[in-house]
Amino acid sequence: MKTAGNAPARGRAGLLASLAAALAISLSPVAAYAADPVKLNFWDMIWGPPEYIDAAKELVAEFNKENPGIQVEYRSIPWNNWYQTYVTAISAGTAPDLSTGAGYQAVQLYDLGAIRPIDDLIEEMKTSGDLDDFLPGTVDTLRYDDHYVALPWGIDIRVWFYRKDMLDAAGLKVPTTWAELREAAKATTKDGKFGILASGDTGGSHFLYNAILNNGGGLFTEDRKLDLKNARNVEAFEALAGMVADGSVSPASTGYNSDDRRGAFNRGQGAFTLDGPGLISQAGDAADKIGVVPPLAGPHGDKGTIFWVNNIMVYEQTKHPEEVKTFLKWWSKNQTPLWTKGNTGQLPTRKSIAANDYFKQQASRGYVLENYVPIGKTTATHAAGIFPALNEVEGEGVMQTFAQELWQGKPLDQILDTADSRLKSIVKE
Amino acid sequence: MSAVDLSRSEAGTWRASARAWWRTGDALPFLLLAPSVVLILAVIAYPMLTGFWYGFTDGSLLKYGRFVGLDNYVELITSRDFRHALWFSLVFAVFNVVGCYALGLGLALLLNQDVPGRAFFRVALLLPWIVPSIVSIVSWRWMMADERALFNQVIGLFGGSPVYFLSDQTWAVVMVIAIKIWRSFPFMMLSLLAALQSIDRSLYEAASLDGASRWNQFRFVTMPQLRNISIVLALLMTIWTVNDFDTPWLLTQGGPANATENLVLLAYRYTFGRNDVGLGSATSFVTLIILMILVVILLRRQKER
C-alpha cells in the first residue's frame, strides 16, 4: 500500500515537522509570555506585630501556589515616611500594582491620577453577592467622585476603656451615657489618680472626633463645607471642657503622647481612656483589669465614634489589571490568617471573617465589632464618602493643638475660633 | 571663505588651545575639583534651586503646582504660626548659645586646671554629645512626663506639688532649651578647652608679675584670647539651634499649643502635615535668609575687631 509504504517517511517528516514547530513555539516571544507567570508587586503596610508580616507572606505564597500563572511579590512597607515612599515610587514610575493603605491614601492618590478605580470589581462582587459579606457602610466609605477607589479590608476605631479595679473601688457601675461618664470620671479622680487620661498627640484629637460624632455632630456639612462650630460639636466640646473643669482629666494629658497615656492607663493612673481595640491585648498583666465601656449615649441619645476604613487600592501604573483583580478578590476572601496568625490590630470588614472563633476568644474585639463598628463614622461626617482634604485636616495638627489647649483648660470659645480659622485656611474656604 | 571653512578653522583653533592648556598642566586642578563640584551641584545646588522654585508654586508632594508669585511668602509672613515660630527660634537660639557657652566655658576652665579625675571627667562630660538624640531625649521625656516621673518624685520628697513640665507652655519652652543646652555644651567645652590650652603661659606669668588678680587675668588675658573661637562657636551654635529638629520634635512635637514649634518644625508641618510644599519651601527659605543675615553680621563684627 502506498499509504503503508510511505508511512515511515511521513512519520519521520511528521516528527521533524513537530520538532520544528515545538522549537519555533518555544523560542517565540508569544510562547515565552505564555509560559512566564505574570508578576505583580503587592506593597503591604505593617498592620500588626512581627508575626503579621510572616502571616501575610504565607498567604501570598499560598496564592502563588494556587495560581501558577500569577506570581505576587510581597513587600512590607513601614509607616515611617510612608507617604514619601509611595510618592517617590509613583513619580519614578515604579509604583506597585496594588497596595494596602491608611484611610485616605486612596483618595489622595486618586486625585493625583495614580489610582485605578475598581468600579468593575465592585459590580462583579455585587452581582455574585460577595459584596453583601462586607459590613454595612464600609464599601461606600471608599466611594469618591462616583468611583470606588479601593476595597476595604480593615477597620481602625476608637472606643472607651475603663479600669475595672478603679470603678470597683469607687463602687461605680460602668457608664452608659456621657453624663454618667462625667460623674464616674469625677468620682475616680482622687489620691493622685484621674478619671480621664488623654494625650496631646494625634491620639488626643481622636477624643475630640469621638465626642462630636457621639453627639451627632461632624466636621463637615453634607456638601463638604467645614462646620466645626455647629451646635452639636460645640455641645460635645463643652462636655469635654466640663470634665477638664471638674479636674477629672489628668493635667499630664497635654504633654502625653499615646504611648505615655497607654502606659499610665495600664499602670492604673486613670480610670478611663479612649484607644484602639487592641489596647487590652497589649496591656500585659493589666489586661484583666481593663474593660470596654459600652457605646455611650449622648445628651440627645446619639451614639457614634470615629473610625477609619483601611483599604487595598490598585495603581494606574499596573500593566496587568485583570491579574490584579484576581489577586485582590482572592486576598479579600482569604485574609483570615492576618488575624488568626498575624494578630493584626485591625478589625475585619468582612462578616465571614468577623464570625471567626478568633473574635469570640478575644472577647473585647468581638464586643467592639458587634457594638462599636456599626456606629463608626469617618472624619468626613456629614459629607458622604471620603475626600483628599481629610488628610490635610488630620495631618496638619489643628485638632491636635485644639485638644492640647482644651486639656490645659483654656477658654473654649477662644480655642474654637482659632481652630476654625486654621482649618478654614487648610481647606481654602 | 565659506561658512563651513570658517567653523572648521574655529574648531581647529579651539582644539589647539585646549591641547596647549592640557599640556601646560593648568587643567589638572580643574579636573581634580570636578567630582566635588559635580557632587555639590547635585546634592546642594540643585535641591536648593528646586526648593527655591517650589516656594513660588502651590504644589503638593505629588503634584507640580502653578506659579503663584509671592503668595506663599505673603501668607507665611502674615501668619500667626510663623511669627510665633520665628520668636521661639530666636529665644531658643539666644538662650541655648548663652547657656551652653557659659556652661562649656566654666567646665573648660575647670578641666584646664590640675583637678583630680580630670581625664575621666573630660570623657564623661562628652557623653551628652555622643549619646544619640533619640535615646537621650526620650529618656529626658520619661523623667518628666507626669506626676509619677522621676522629677516629680524628687519634687515630692521636698513636699512640692507635681509640675507638668510638658503640659505647660512656659515649662515646655524651658525644658526644650535646657535639654538643648545639655546636648550642646560638650562641643563648646571641648572647643574652648582646646583654645585655653593653646594660650601662651607667658601671658599669665606677665600678668601675674604685674599684680593682676585671677579675675583680671581671666578678663584681660583669657577672654581676649578666646574671642575668635568664641565668635565661630557662637555662629555654629546659632545655626545648629535654629536648624534643630530633634530636640523640640522628640520632646514635645512642637507643643503644647505650638509653644515649642521652631521654623524647622513649621516647615515640616506645612510640607508633610498640610501637604503644602510651596508654603513649606517658603518657610525653609525664610529660615535660610535669617541665618545668612546672622552669619554676615557676626562675620563682619569679627572682621571689625
# chains A, B, ... in the order shown; residues from 1 in each chain; ligands from 1
$ residues_around --residues "range 227-243 of chain B" --least-positions-apart "2" --cutoff "6 Å" --atoms "only C-alpha atoms" --output "JSON, numbers by chain"
{"B": [89, 93, 224, 225]}
$ interface_residues --of "chain B" --to "chain A" --cutoff "7 Å" --atoms "only C-alpha atoms" --output "ChimeraX atom specification"
/B:62-63,145-146,164,166-167,252,256-257,269,273-275
$ select_by_dssp --residues "range 151-248 of chain A" --states "helix (DSSP H, G or I)" --output "PyMOL selection string"
chain A and resi 164-169+178-187+202-214+231-246
$ write_last_selection --atoms "N, CA and C atoms" --output "compact mmCIF listing (two decimals), in the first residue's frame"
# COMPACT_ATOMS: atom_id res chain seq x y z
N LYS A 164 -11.40 48.30 85.63
CA LYS A 164 -12.39 47.63 86.49
C LYS A 164 -12.07 47.86 87.96
N ASP A 165 -10.74 47.79 88.31
CA ASP A 165 -10.36 47.92 89.72
C ASP A 165 -10.72 49.30 90.28
N MET A 166 -10.56 50.32 89.47
CA MET A 166 -10.85 51.68 89.97
C MET A 166 -12.35 51.91 90.13
N LEU A 167 -13.12 51.37 89.19
CA LEU A 167 -14.57 51.54 89.30
C LEU A 167 -15.12 50.73 90.48
N ASP A 168 -14.56 49.51 90.66
CA ASP A 168 -14.98 48.68 91.79
C ASP A 168 -14.68 49.39 93.12
N ALA A 169 -13.46 49.93 93.19
CA ALA A 169 -13.04 50.60 94.43
C ALA A 169 -13.94 51.79 94.75
N TRP A 178 -22.90 59.94 78.44
CA TRP A 178 -21.84 60.93 78.66
C TRP A 178 -21.96 61.54 80.05
N ALA A 179 -23.19 61.73 80.51
CA ALA A 179 -23.38 62.31 81.84
C ALA A 179 -22.81 61.37 82.90
N GLU A 180 -23.06 60.07 82.73
CA GLU A 180 -22.54 59.09 83.69
C GLU A 180 -21.01 59.01 83.62
N LEU A 181 -20.48 59.15 82.40
CA LEU A 181 -19.02 59.13 82.25
C LEU A 181 -18.41 60.29 83.03
N ARG A 182 -19.03 61.45 82.91
CA ARG A 182 -18.51 62.63 83.61
C ARG A 182 -18.53 62.42 85.12
N GLU A 183 -19.64 61.87 85.61
CA GLU A 183 -19.76 61.62 87.06
C GLU A 183 -18.74 60.59 87.52
N ALA A 184 -18.60 59.52 86.73
CA ALA A 184 -17.65 58.45 87.10
C ALA A 184 -16.22 58.98 87.07
N ALA A 185 -15.93 59.82 86.10
CA ALA A 185 -14.58 60.40 86.00
C ALA A 185 -14.28 61.27 87.22
N LYS A 186 -15.31 62.00 87.63
CA LYS A 186 -15.16 62.88 88.79
C LYS A 186 -14.93 62.05 90.06
N ALA A 187 -15.72 60.97 90.18
CA ALA A 187 -15.65 60.15 91.39
C ALA A 187 -14.33 59.38 91.50
N THR A 202 -1.63 63.08 68.04
CA THR A 202 -2.76 62.79 67.14
C THR A 202 -3.87 62.05 67.89
N GLY A 203 -3.45 61.14 68.78
CA GLY A 203 -4.42 60.39 69.58
C GLY A 203 -5.31 61.31 70.41
N GLY A 204 -4.79 62.47 70.77
CA GLY A 204 -5.57 63.44 71.54
C GLY A 204 -6.72 63.99 70.72
N SER A 205 -6.47 64.18 69.42
CA SER A 205 -7.53 64.70 68.56
C SER A 205 -8.66 63.67 68.40
N HIS A 206 -8.35 62.40 68.62
CA HIS A 206 -9.39 61.37 68.50
C HIS A 206 -10.47 61.53 69.58
N PHE A 207 -10.06 62.07 70.74
CA PHE A 207 -11.05 62.33 71.81
C PHE A 207 -12.08 63.35 71.30
N LEU A 208 -11.59 64.33 70.52
CA LEU A 208 -12.50 65.36 70.00
C LEU A 208 -13.43 64.77 68.95
N TYR A 209 -12.85 64.00 68.01
CA TYR A 209 -13.68 63.39 66.97
C TYR A 209 -14.73 62.47 67.59
N ASN A 210 -14.27 61.68 68.57
CA ASN A 210 -15.20 60.76 69.23
C ASN A 210 -16.36 61.53 69.85
N ALA A 211 -16.04 62.62 70.54
CA ALA A 211 -17.08 63.38 71.25
C ALA A 211 -18.10 63.98 70.28
N ILE A 212 -17.61 64.59 69.20
CA ILE A 212 -18.58 65.24 68.29
C ILE A 212 -19.42 64.20 67.53
N LEU A 213 -18.77 63.09 67.13
CA LEU A 213 -19.54 62.08 66.39
C LEU A 213 -20.52 61.37 67.31
N ASN A 214 -20.14 61.22 68.57
CA ASN A 214 -21.02 60.61 69.57
C ASN A 214 -22.26 61.47 69.81
N ALA A 231 -23.84 73.44 66.42
CA ALA A 231 -24.33 73.35 67.80
C ALA A 231 -23.95 72.02 68.47
N ARG A 232 -24.07 70.91 67.73
CA ARG A 232 -23.77 69.60 68.33
C ARG A 232 -22.28 69.47 68.67
N ASN A 233 -21.44 70.00 67.77
CA ASN A 233 -20.00 69.95 68.04
C ASN A 233 -19.66 70.76 69.29
N VAL A 234 -20.20 71.97 69.34
CA VAL A 234 -19.90 72.85 70.47
C VAL A 234 -20.35 72.19 71.77
N GLU A 235 -21.52 71.57 71.73
CA GLU A 235 -22.03 70.88 72.93
C GLU A 235 -21.08 69.76 73.37
N ALA A 236 -20.55 69.04 72.37
CA ALA A 236 -19.61 67.94 72.69
C ALA A 236 -18.31 68.49 73.27
N PHE A 237 -17.81 69.58 72.68
CA PHE A 237 -16.57 70.18 73.22
C PHE A 237 -16.81 70.70 74.64
N GLU A 238 -18.00 71.22 74.86
CA GLU A 238 -18.32 71.74 76.20
C GLU A 238 -18.32 70.60 77.22
N ALA A 239 -18.79 69.41 76.78
CA ALA A 239 -18.80 68.26 77.69
C ALA A 239 -17.37 67.90 78.11
N LEU A 240 -16.45 67.91 77.12
CA LEU A 240 -15.05 67.61 77.43
C LEU A 240 -14.45 68.71 78.31
N ALA A 241 -14.76 69.97 77.96
CA ALA A 241 -14.24 71.10 78.74
C ALA A 241 -14.76 71.02 80.18
N GLY A 242 -16.00 70.53 80.33
CA GLY A 242 -16.58 70.38 81.67
C GLY A 242 -15.78 69.37 82.49
N MET A 243 -15.36 68.29 81.86
CA MET A 243 -14.57 67.28 82.58
C MET A 243 -13.22 67.85 82.98
N VAL A 244 -12.66 68.70 82.10
CA VAL A 244 -11.39 69.35 82.44
C VAL A 244 -11.61 70.28 83.64
N ALA A 245 -12.72 71.04 83.59
CA ALA A 245 -13.03 71.97 84.68
C ALA A 245 -13.25 71.23 86.00
N ASP A 246 -13.81 70.01 85.90
CA ASP A 246 -14.02 69.19 87.11
C ASP A 246 -12.70 68.74 87.72
$ atom_distance --atom1 "CA of Leu416 in chain A" --atom2 "CA of Gln169 in chain B"
18.5 Å
$ atom_distance --atom1 "CA of Ser99 in chain A" --atom2 "CA of Val277 in chain B"
24.8 Å
$ atom_distance --atom1 "CA of Thr349 in chain A" --atom2 "CA of Asp288 in chain A"
27.1 Å
$ residues_around --residues "range 114-131 of chain B" --least-positions-apart "6" --cutoff "10 Å" --atoms "only C-alpha atoms" --output "list of chain:residue names"
B:Gly104, B:Leu107, B:Ala108, B:Ile137, B:Ile179, B:Lys180, B:Ile181, B:Trp182, B:Arg183, B:Ser184, B:Phe185, B:Pro186, B:Phe187, B:Met189, B:Leu190, B:Leu193
$ write_last_selection --atoms "C-alpha atoms" --output "PDB file, in the first residue's frame"
ATOM      1  CA  GLY B 104      31.031  74.989  78.360  1.00  0.00           C
ATOM      2  CA  LEU B 107      33.738  73.413  82.667  1.00  0.00           C
ATOM      3  CA  ALA B 108      36.588  74.067  80.234  1.00  0.00           C
ATOM      4  CA  ILE B 137      15.631  62.995  74.597  1.00  0.00           C
ATOM      5  CA  ILE B 179      17.863  69.804  77.123  1.00  0.00           C
ATOM      6  CA  LYS B 180      19.352  71.511  74.102  1.00  0.00           C
ATOM      7  CA  ILE B 181      21.955  73.157  76.372  1.00  0.00           C
ATOM      8  CA  TRP B 182      22.667  69.767  77.921  1.00  0.00           C
ATOM      9  CA  ARG B 183      23.173  68.254  74.448  1.00  0.00           C
ATOM     10  CA  SER B 184      25.296  71.146  73.156  1.00  0.00           C
ATOM     11  CA  PHE B 185      27.648  72.144  75.972  1.00  0.00           C
ATOM     12  CA  PRO B 186      30.202  69.321  75.425  1.00  0.00           C
ATOM     13  CA  PHE B 187      31.076  70.702  71.982  1.00  0.00           C
ATOM     14  CA  MET B 189      33.562  72.766  76.331  1.00  0.00           C
ATOM     15  CA  LEU B 190      35.822  70.719  74.092  1.00  0.00           C
ATOM     16  CA  LEU B 193      39.337  73.692  76.321  1.00  0.00           C
TER      17      LEU B 193
END
$ closest_residue --among "A:Val60, A:Ile115, A:Ile306, A:Leu274" --to "Arg75 in chain A" --atoms "only C-alpha atoms"
A:Val60
$ closest_residue --among "A:Lys410, A:Lys325, A:Lys351, A:Lys225" --to "Glu429 in chain A" --atoms "only C-alpha atoms"
A:Lys225
$ residues_around --residues "range 372-385 of chain A" --least-positions-apart "6" --cutoff "8 Å" --atoms "only C-alpha atoms" --output "PyMOL selection string"
chain A and resi 136+140-144+157+159+209+213+217-224+295+303-308
$ write_last_selection --atoms "N, CA and C atoms" --output "mmCIF file, in the first residue's frame"
data_model
loop_
_atom_site.group_PDB
_atom_site.id
_atom_site.type_symbol
_atom_site.label_atom_id
_atom_site.label_comp_id
_atom_site.auth_asym_id
_atom_site.auth_seq_id
_atom_site.Cartn_x
_atom_site.Cartn_y
_atom_site.Cartn_z
ATOM 1 N N PRO A 136 -21.869 46.862 56.779
ATOM 2 C CA PRO A 136 -22.574 47.996 56.170
ATOM 3 C C PRO A 136 -21.744 49.282 56.214
ATOM 4 N N ASP A 140 -18.986 51.744 50.780
ATOM 5 C CA ASP A 140 -19.381 53.078 50.302
ATOM 6 C C ASP A 140 -18.524 54.197 50.885
ATOM 7 N N THR A 141 -17.882 53.923 51.995
ATOM 8 C CA THR A 141 -16.963 54.916 52.564
ATOM 9 C C THR A 141 -15.849 55.234 51.565
ATOM 10 N N LEU A 142 -15.515 54.261 50.740
ATOM 11 C CA LEU A 142 -14.390 54.437 49.820
ATOM 12 C C LEU A 142 -14.843 54.890 48.430
ATOM 13 N N ARG A 143 -16.012 55.474 48.391
ATOM 14 C CA ARG A 143 -16.529 55.995 47.130
ATOM 15 C C ARG A 143 -16.189 57.483 47.070
ATOM 16 N N TYR A 144 -15.584 57.868 45.974
ATOM 17 C CA TYR A 144 -15.170 59.269 45.825
ATOM 18 C C TYR A 144 -15.420 59.694 44.377
ATOM 19 N N ILE A 157 -10.657 51.834 64.899
ATOM 20 C CA ILE A 157 -11.773 52.519 65.573
ATOM 21 C C ILE A 157 -11.346 52.937 66.978
ATOM 22 N N VAL A 159 -12.510 53.427 70.912
ATOM 23 C CA VAL A 159 -13.548 53.062 71.881
ATOM 24 C C VAL A 159 -13.073 53.437 73.282
ATOM 25 N N TYR A 209 -12.849 64.001 68.013
ATOM 26 C CA TYR A 209 -13.683 63.389 66.967
ATOM 27 C C TYR A 209 -14.729 62.469 67.591
ATOM 28 N N LEU A 213 -18.773 63.093 67.127
ATOM 29 C CA LEU A 213 -19.536 62.078 66.386
ATOM 30 C C LEU A 213 -20.521 61.368 67.314
ATOM 31 N N GLY A 217 -22.713 65.174 65.851
ATOM 32 C CA GLY A 217 -22.064 66.262 65.118
ATOM 33 C C GLY A 217 -21.146 65.736 64.036
ATOM 34 N N GLY A 218 -20.332 66.613 63.502
ATOM 35 C CA GLY A 218 -19.391 66.227 62.447
ATOM 36 C C GLY A 218 -18.610 67.445 61.997
ATOM 37 N N LEU A 219 -17.485 67.203 61.356
ATOM 38 C CA LEU A 219 -16.618 68.322 60.939
ATOM 39 C C LEU A 219 -17.123 69.035 59.694
ATOM 40 N N PHE A 220 -17.947 68.328 58.885
ATOM 41 C CA PHE A 220 -18.347 68.891 57.596
ATOM 42 C C PHE A 220 -19.866 68.882 57.420
ATOM 43 N N THR A 221 -20.309 69.730 56.490
ATOM 44 C CA THR A 221 -21.709 69.667 56.086
ATOM 45 C C THR A 221 -21.824 68.594 54.992
ATOM 46 N N GLU A 222 -23.041 68.333 54.552
ATOM 47 C CA GLU A 222 -23.227 67.307 53.521
ATOM 48 C C GLU A 222 -22.512 67.666 52.222
ATOM 49 N N ASP A 223 -22.359 68.979 51.962
ATOM 50 C CA ASP A 223 -21.657 69.371 50.733
ATOM 51 C C ASP A 223 -20.187 69.732 50.998
ATOM 52 N N ARG A 224 -19.602 69.048 51.990
ATOM 53 C CA ARG A 224 -18.167 69.119 52.273
ATOM 54 C C ARG A 224 -17.662 70.501 52.706
ATOM 55 N N PRO A 295 -20.990 51.562 74.047
ATOM 56 C CA PRO A 295 -21.151 52.843 73.351
ATOM 57 C C PRO A 295 -22.012 53.794 74.182
ATOM 58 N N LYS A 303 -25.407 57.972 69.331
ATOM 59 C CA LYS A 303 -24.219 57.156 69.600
ATOM 60 C C LYS A 303 -23.314 57.244 68.378
ATOM 61 N N GLY A 304 -22.032 57.115 68.603
ATOM 62 C CA GLY A 304 -21.116 57.166 67.454
ATOM 63 C C GLY A 304 -19.687 57.304 67.915
ATOM 64 N N THR A 305 -18.770 56.929 67.060
ATOM 65 C CA THR A 305 -17.346 57.136 67.342
ATOM 66 C C THR A 305 -16.602 57.259 66.017
ATOM 67 N N ILE A 306 -15.334 57.627 66.124
ATOM 68 C CA ILE A 306 -14.528 57.805 64.919
ATOM 69 C C ILE A 306 -13.987 56.446 64.456
ATOM 70 N N PHE A 307 -14.037 56.193 63.170
ATOM 71 C CA PHE A 307 -13.364 55.010 62.629
ATOM 72 C C PHE A 307 -12.773 55.322 61.258
ATOM 73 N N TRP A 308 -11.796 54.510 60.892
ATOM 74 C CA TRP A 308 -11.132 54.656 59.592
ATOM 75 C C TRP A 308 -11.214 53.313 58.881
#
$ decode --residues "range 52-148 of chain B" --atoms "C-alpha atoms" --output "short mmCIF file (atom, residue, chain, number, x, y, z; two decimals), in the first residue's frame"
data_model
loop_
_atom_site.label_atom_id
_atom_site.label_comp_id
_atom_site.auth_asym_id
_atom_site.auth_seq_id
_atom_site.Cartn_x
_atom_site.Cartn_y
_atom_site.Cartn_z
CA PHE B 52 13.50 77.94 45.93
CA TRP B 53 11.29 77.49 42.87
CA TYR B 54 8.74 75.42 44.81
CA GLY B 55 8.34 78.40 47.15
CA PHE B 56 6.64 80.22 44.28
CA THR B 57 4.22 77.40 43.42
CA ASP B 58 1.17 75.83 45.04
CA GLY B 59 2.17 72.19 44.51
CA SER B 60 1.83 69.19 46.78
CA LEU B 61 4.21 66.31 47.41
CA LEU B 62 2.98 64.57 44.29
CA LYS B 63 1.75 67.31 42.01
CA TYR B 64 3.67 70.18 40.45
CA GLY B 65 1.87 73.36 41.28
CA ARG B 66 1.09 76.54 39.40
CA PHE B 67 3.27 79.62 39.69
CA VAL B 68 1.68 81.78 42.40
CA GLY B 69 4.29 84.52 42.70
CA LEU B 70 4.89 85.71 46.25
CA ASP B 71 1.60 84.33 47.61
CA ASN B 72 3.30 81.74 49.82
CA TYR B 73 5.68 84.31 51.28
CA VAL B 74 2.83 86.75 51.93
CA GLU B 75 0.73 84.01 53.57
CA LEU B 76 3.70 82.92 55.66
CA ILE B 77 4.78 86.33 56.88
CA THR B 78 1.23 87.33 57.79
CA SER B 79 0.51 84.09 59.66
CA ARG B 80 0.49 83.91 63.44
CA ASP B 81 2.18 80.49 63.34
CA PHE B 82 5.17 81.95 61.50
CA ARG B 83 5.56 84.90 63.85
CA HIS B 84 5.42 82.57 66.81
CA ALA B 85 7.88 80.09 65.29
CA LEU B 86 10.25 82.95 64.50
CA TRP B 87 10.02 84.24 68.06
CA PHE B 88 10.58 80.79 69.55
CA SER B 89 13.54 80.16 67.21
CA LEU B 90 15.08 83.42 68.42
CA VAL B 91 14.51 82.65 72.11
CA PHE B 92 15.73 79.09 71.59
CA ALA B 93 18.92 80.23 69.84
CA VAL B 94 19.79 83.06 72.24
CA PHE B 95 19.26 81.04 75.42
CA ASN B 96 20.99 77.97 74.06
CA VAL B 97 24.05 79.86 72.80
CA VAL B 98 24.40 81.81 76.04
CA GLY B 99 23.61 78.79 78.22
CA CYS B 100 25.89 76.27 76.57
CA TYR B 101 28.68 78.85 76.20
CA ALA B 102 28.56 79.70 79.91
CA LEU B 103 28.42 76.04 80.93
CA GLY B 104 31.03 74.99 78.36
CA LEU B 105 33.42 77.78 79.36
CA GLY B 106 33.00 77.11 83.08
CA LEU B 107 33.74 73.41 82.67
CA ALA B 108 36.59 74.07 80.23
CA LEU B 109 38.22 76.41 82.77
CA LEU B 110 37.78 73.77 85.45
CA LEU B 111 39.17 70.95 83.33
CA ASN B 112 42.08 73.17 82.33
CA GLN B 113 43.19 73.08 85.97
CA ASP B 114 45.02 70.20 87.53
CA VAL B 115 41.95 68.70 89.23
CA PRO B 116 41.72 65.08 90.39
CA GLY B 117 39.98 62.75 87.89
CA ARG B 118 40.45 65.29 85.09
CA ALA B 119 40.88 62.63 82.37
CA PHE B 120 37.71 60.83 83.50
CA PHE B 121 35.61 64.00 83.54
CA ARG B 122 36.91 65.06 80.13
CA VAL B 123 35.45 61.85 78.67
CA ALA B 124 32.36 61.65 80.89
CA LEU B 125 31.29 65.19 80.07
CA LEU B 126 31.28 64.36 76.39
CA LEU B 127 28.53 61.76 76.86
CA PRO B 128 25.55 64.10 76.23
CA TRP B 129 27.09 64.92 72.87
CA ILE B 130 27.85 61.29 71.99
CA VAL B 131 24.56 59.66 73.01
CA PRO B 132 22.11 59.50 70.06
CA SER B 133 19.46 62.21 70.33
CA ILE B 134 16.54 59.76 70.27
CA VAL B 135 17.96 57.92 73.31
CA SER B 136 18.77 60.98 75.37
CA ILE B 137 15.63 63.00 74.60
CA VAL B 138 13.22 60.10 75.13
CA SER B 139 14.97 59.38 78.43
CA TRP B 140 14.52 63.02 79.48
CA ARG B 141 10.89 62.74 78.45
CA TRP B 142 10.33 59.78 80.72
CA MET B 143 11.88 61.67 83.61
CA MET B 144 9.35 64.49 83.36
CA ALA B 145 6.24 63.04 81.65
CA ASP B 146 3.79 63.03 84.57
CA GLU B 147 3.27 63.15 88.32
CA ARG B 148 4.98 59.79 88.87
#
